[in-house]
Amino acid sequence: MSKKRIFEPEVANYLYKNGANLIEITRDKKNKDATIFIFEQNAKLNELLAQRTR
């Protein structure tokens with residue numbers, strides 16, 4: 001299983017609400033205020049990311 005790391009909460013929220021598989025939420029070790037959202041990288045995630053950037 002391949003993973004995709006997302007750093008922007010707004011993008012992560014959009015992906016999660018539209019059915020992308022959220023695997024894990026962690027804190028960034030370098031920047032304590034940042035959160036990393038880890039999604040399963042599959043066709044659904046790639047499609048949602050493509051729609052988001054249009």
# chains A, B, ... in the order shown; residues from 1 in each chain; ligands from 1
$ residues_around --residues "range 2-15 of chain A" --least-positions-apart "2" --cutoff "9 Å" --atoms "only C-alpha atoms" --output "list of chain:residue names"
A:Lys17, A:Asn18, A:Gly19, A:Ala20, A:Asn21, A:Leu22, A:Ile23, A:Ala34, A:Thr35, A:Ile36, A:Phe37, A:Ile38, A:Phe39, A:Glu40, A:Gln41, A:Asn42, A:Leu45, A:Leu48, A:Leu49, A:Arg52
$ write_last_selection --atoms "N, CA, C and O atoms" --output "compact mmCIF listing (two decimals), in the first residue's frame"
# COMPACT_ATOMS: atom_id res chain seq x y z
N LYS A 17 -13.73 14.09 3.39
CA LYS A 17 -15.18 14.22 3.19
C LYS A 17 -15.64 13.60 1.88
O LYS A 17 -16.80 13.22 1.75
N ASN A 18 -14.74 13.50 0.91
CA ASN A 18 -15.10 12.94 -0.39
C ASN A 18 -14.68 11.48 -0.56
O ASN A 18 -14.65 10.96 -1.67
N GLY A 19 -14.34 10.82 0.53
CA GLY A 19 -14.17 9.38 0.50
C GLY A 19 -12.76 8.84 0.39
O GLY A 19 -12.58 7.63 0.22
N ALA A 20 -11.74 9.67 0.51
CA ALA A 20 -10.36 9.15 0.49
C ALA A 20 -10.09 8.43 1.82
O ALA A 20 -10.62 8.80 2.86
N ASN A 21 -9.27 7.39 1.76
CA ASN A 21 -8.97 6.59 2.95
C ASN A 21 -7.87 7.25 3.79
O ASN A 21 -6.71 7.23 3.42
N LEU A 22 -8.27 7.80 4.93
CA LEU A 22 -7.33 8.40 5.87
C LEU A 22 -6.73 7.29 6.72
O LEU A 22 -7.45 6.53 7.36
N ILE A 23 -5.41 7.18 6.71
CA ILE A 23 -4.73 6.12 7.44
C ILE A 23 -4.30 6.59 8.83
O ILE A 23 -4.51 5.90 9.82
N ALA A 34 2.47 21.90 13.22
CA ALA A 34 1.96 21.32 11.97
C ALA A 34 1.44 19.90 12.19
O ALA A 34 1.94 19.17 13.04
N THR A 35 0.45 19.54 11.41
CA THR A 35 -0.12 18.19 11.44
C THR A 35 0.05 17.58 10.06
O THR A 35 -0.11 18.25 9.04
N ILE A 36 0.35 16.29 10.04
CA ILE A 36 0.50 15.55 8.78
C ILE A 36 -0.64 14.56 8.68
O ILE A 36 -0.88 13.77 9.60
N PHE A 37 -1.35 14.60 7.57
CA PHE A 37 -2.45 13.68 7.30
C PHE A 37 -1.96 12.67 6.27
O PHE A 37 -1.52 13.05 5.19
N ILE A 38 -2.04 11.39 6.61
CA ILE A 38 -1.54 10.35 5.72
C ILE A 38 -2.72 9.58 5.14
O ILE A 38 -3.53 9.02 5.88
N PHE A 39 -2.80 9.59 3.80
CA PHE A 39 -3.88 8.92 3.08
C PHE A 39 -3.32 7.76 2.29
O PHE A 39 -2.17 7.77 1.88
N GLU A 40 -4.19 6.77 2.03
CA GLU A 40 -3.83 5.68 1.14
C GLU A 40 -3.85 6.21 -0.29
O GLU A 40 -4.84 6.81 -0.72
N GLN A 41 -2.75 6.03 -1.00
CA GLN A 41 -2.68 6.54 -2.36
C GLN A 41 -3.26 5.49 -3.31
O GLN A 41 -2.76 4.39 -3.44
N ASN A 42 -4.38 5.87 -3.93
CA ASN A 42 -5.06 4.99 -4.88
C ASN A 42 -5.71 5.86 -5.95
O ASN A 42 -5.53 7.08 -5.97
N LEU A 45 -7.94 8.76 -4.56
CA LEU A 45 -7.18 9.90 -4.05
C LEU A 45 -6.61 10.73 -5.19
O LEU A 45 -6.70 11.96 -5.17
N LEU A 48 -9.40 12.80 -6.73
CA LEU A 48 -9.79 13.92 -5.90
C LEU A 48 -8.75 15.03 -5.89
O LEU A 48 -9.09 16.22 -5.94
N LEU A 49 -7.48 14.67 -5.87
CA LEU A 49 -6.42 15.67 -5.92
C LEU A 49 -6.43 16.41 -7.26
O LEU A 49 -6.21 17.62 -7.32
N ARG A 52 -9.26 18.86 -7.19
CA ARG A 52 -8.97 19.96 -6.26
C ARG A 52 -8.07 21.01 -6.89
O ARG A 52 -8.19 22.20 -6.60
$ decode --residues "range 3-53 of chain A" --atoms "C-alpha atoms" --output "tab-separated table (two decimals), in the first residue's frame"
chain	number	residue	atom	x	y	z
A	3	LYS	CA	0.87	6.42	1.19
A	4	LYS	CA	0.47	10.12	0.42
A	5	ARG	CA	1.29	12.79	2.98
A	6	ILE	CA	-0.89	15.93	2.99
A	7	PHE	CA	0.20	18.98	5.00
A	8	GLU	CA	-2.73	21.39	4.40
A	9	PRO	CA	-5.71	20.78	6.72
A	10	GLU	CA	-8.17	22.21	4.18
A	11	VAL	CA	-7.05	19.75	1.50
A	12	ALA	CA	-7.09	16.85	3.97
A	13	ASN	CA	-10.62	17.77	5.04
A	14	TYR	CA	-11.78	17.89	1.41
A	15	LEU	CA	-10.22	14.49	0.65
A	16	TYR	CA	-11.66	12.86	3.76
A	17	LYS	CA	-15.18	14.22	3.19
A	18	ASN	CA	-15.10	12.94	-0.39
A	19	GLY	CA	-14.17	9.38	0.50
A	20	ALA	CA	-10.36	9.15	0.49
A	21	ASN	CA	-8.97	6.59	2.95
A	22	LEU	CA	-7.33	8.40	5.87
A	23	ILE	CA	-4.73	6.12	7.44
A	24	GLU	CA	-3.11	8.24	10.14
A	25	ILE	CA	-2.86	11.73	11.60
A	26	THR	CA	0.48	12.68	13.17
A	27	ARG	CA	2.31	15.76	14.41
A	28	ASP	CA	5.26	17.01	12.41
A	29	LYS	CA	8.47	16.39	14.34
A	30	LYS	CA	10.21	19.49	12.97
A	31	ASN	CA	7.31	21.93	13.23
A	32	LYS	CA	5.32	21.17	16.38
A	33	ASP	CA	2.36	23.28	15.21
A	34	ALA	CA	1.96	21.32	11.97
A	35	THR	CA	-0.12	18.19	11.44
A	36	ILE	CA	0.50	15.55	8.78
A	37	PHE	CA	-2.45	13.68	7.30
A	38	ILE	CA	-1.54	10.35	5.72
A	39	PHE	CA	-3.88	8.92	3.08
A	40	GLU	CA	-3.83	5.68	1.14
A	41	GLN	CA	-2.68	6.54	-2.36
A	42	ASN	CA	-5.06	4.99	-4.88
A	43	ALA	CA	-7.09	5.97	-7.94
A	44	LYS	CA	-9.76	7.69	-5.79
A	45	LEU	CA	-7.18	9.90	-4.05
A	46	ASN	CA	-5.48	10.79	-7.33
A	47	GLU	CA	-8.86	11.72	-8.86
A	48	LEU	CA	-9.79	13.92	-5.90
A	49	LEU	CA	-6.42	15.67	-5.92
A	50	ALA	CA	-6.77	16.32	-9.66
A	51	GLN	CA	-10.24	17.81	-9.12
A	52	ARG	CA	-8.97	19.96	-6.26
A	53	THR	CA	-6.21	21.53	-8.37
